[in-house]
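Shown next, in structure tokens, is the structure this report addresses.
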Amino acid sequence: MIKLTRPLLFCLIAYLFAGCGQSPPAHEPISDPAAARTAAGDSIEQLTLLKNVYRWHDKHQQPADFEVIVQDSFQTGLNYDSFNKSYTALKQTNYFSPSFIDNYKKIADAVDHLLVTAQPKKLNEINFSFQDGDPWTRFQDDAPSFWDSLIISDYKATADSASLKWKIQGNGWSSDPYTVRFSKPAGHWKVAYMEGFDTSLLH
């Protein structure tokens, strides 16, 4: 059994952030080795989870999250047949917290309500942020395997929650920071919040 010494612990934390193009954050001197081991393991687990979410989204999630129905050049409601496929696939991943899953459904219902009750009817144009860019990343163009080049910042964690921001860079360009939060229901880390699915973006 490998003993996680202080130097080895620091190496694990450095590996986590260096692998994402980010220097490790400053830490107070380690006074509780057991707690430090847990913190290092949690941060690695969270980053692995985030990468798995993006691999899954890239490979499996079709059709779009919130596809709308278009009739006579107007958006008239949410396509629930399409949405239910995405919703079922999302729940089956086991990557997301109950609160994220509930919020995902609330967004769908809110989109449908806004379109059904709109007076006058909304034209078939960009009416919601998810129609302007991928809500999972805010990207408007493909960025193959971007999850292997995440630059992490503003990482904060407690025993049962964590948050971070990520971005990617290349050729003099940088994406906007994207906020993700994690929670730990039933002892396992899950994605609890992604800024592209904030209900405030509906208004």
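Within each chain, counting starts at residue 1; across the structure tokens, chains are named A, B, ... in the order shown, with ligands numbered 1 upward in that order.
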Would you pick out the contacts of Lys106 of chain A at 12 Å or less, using only C-alpha atoms, so that residues sharing its chain but fewer than 5 positions from it are not included, and give the list as JSON, numbers by chain?
{"A": [66, 83, 87, 99, 100, 101, 111, 112, 113, 197, 198, 199, 200, 202]}
In Å, with one decimal, what is the gap from atom CA of Ser145 of chain A to atom CA of Pro185 of chain A?
28.6 Å
Expected answer as JSON, numbers by chain: alpha helix (DSSP H) residues in segment 69-176 of chain A
{"A": [80, 81, 82, 83, 84, 85, 86, 87, 88, 89, 90, 91, 92, 98, 99, 100, 101, 102, 103, 104, 105, 106, 107, 108, 109, 110, 111, 112, 113, 114, 115, 116, 117]}
Nearby residues (only C-alpha atoms) at most 10 Å from Gln169 of chain A, same-chain spacing under 2 positions excluded, as a ChimeraX atom specification:
/A:21,146,149-151,167,171-176
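Between atom CA of Pro120 of chain A and atom CA of Pro135 of chain A there is a distance of 26.3 Å.
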Please extract the residues of segment 11-191 of chain A with a backbone DSSP assignment of strand (DSSP E) and present them as a ChimeraX atom specification.
/A:68-71,74-78,122-123,151-157,161-167,169-170,173-174,178-183,190-191
Need the shell around Gly196 of chain A: protein/DNA/RNA residues with any atom at most 7 Å away, counting only C-alpha atoms. Skip same-chain ones fewer than 6 positions apart. Format as an MDAnalysis selection string?
chainID A and resid 135:138
Counting only C-alpha atoms, the option among A:Phe74, A:Tyr155, A:Asn103, A:Phe182 closest to Gln119 of chain A:
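Closest residue, counting only C-alpha atoms: A:Phe74.
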Counting only C-alpha atoms, which of A:Asp148, A:Arg55, A:Asp109, A:Asp102 gets nearest to Asn79 of chain A?
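Looking at the shortest contact to Asn79 of chain A, the residue is A:Asp109.
Between atom CA of Ser129 of chain A and atom CA of Leu201 of chain A lies a distance of 6.6 Å.
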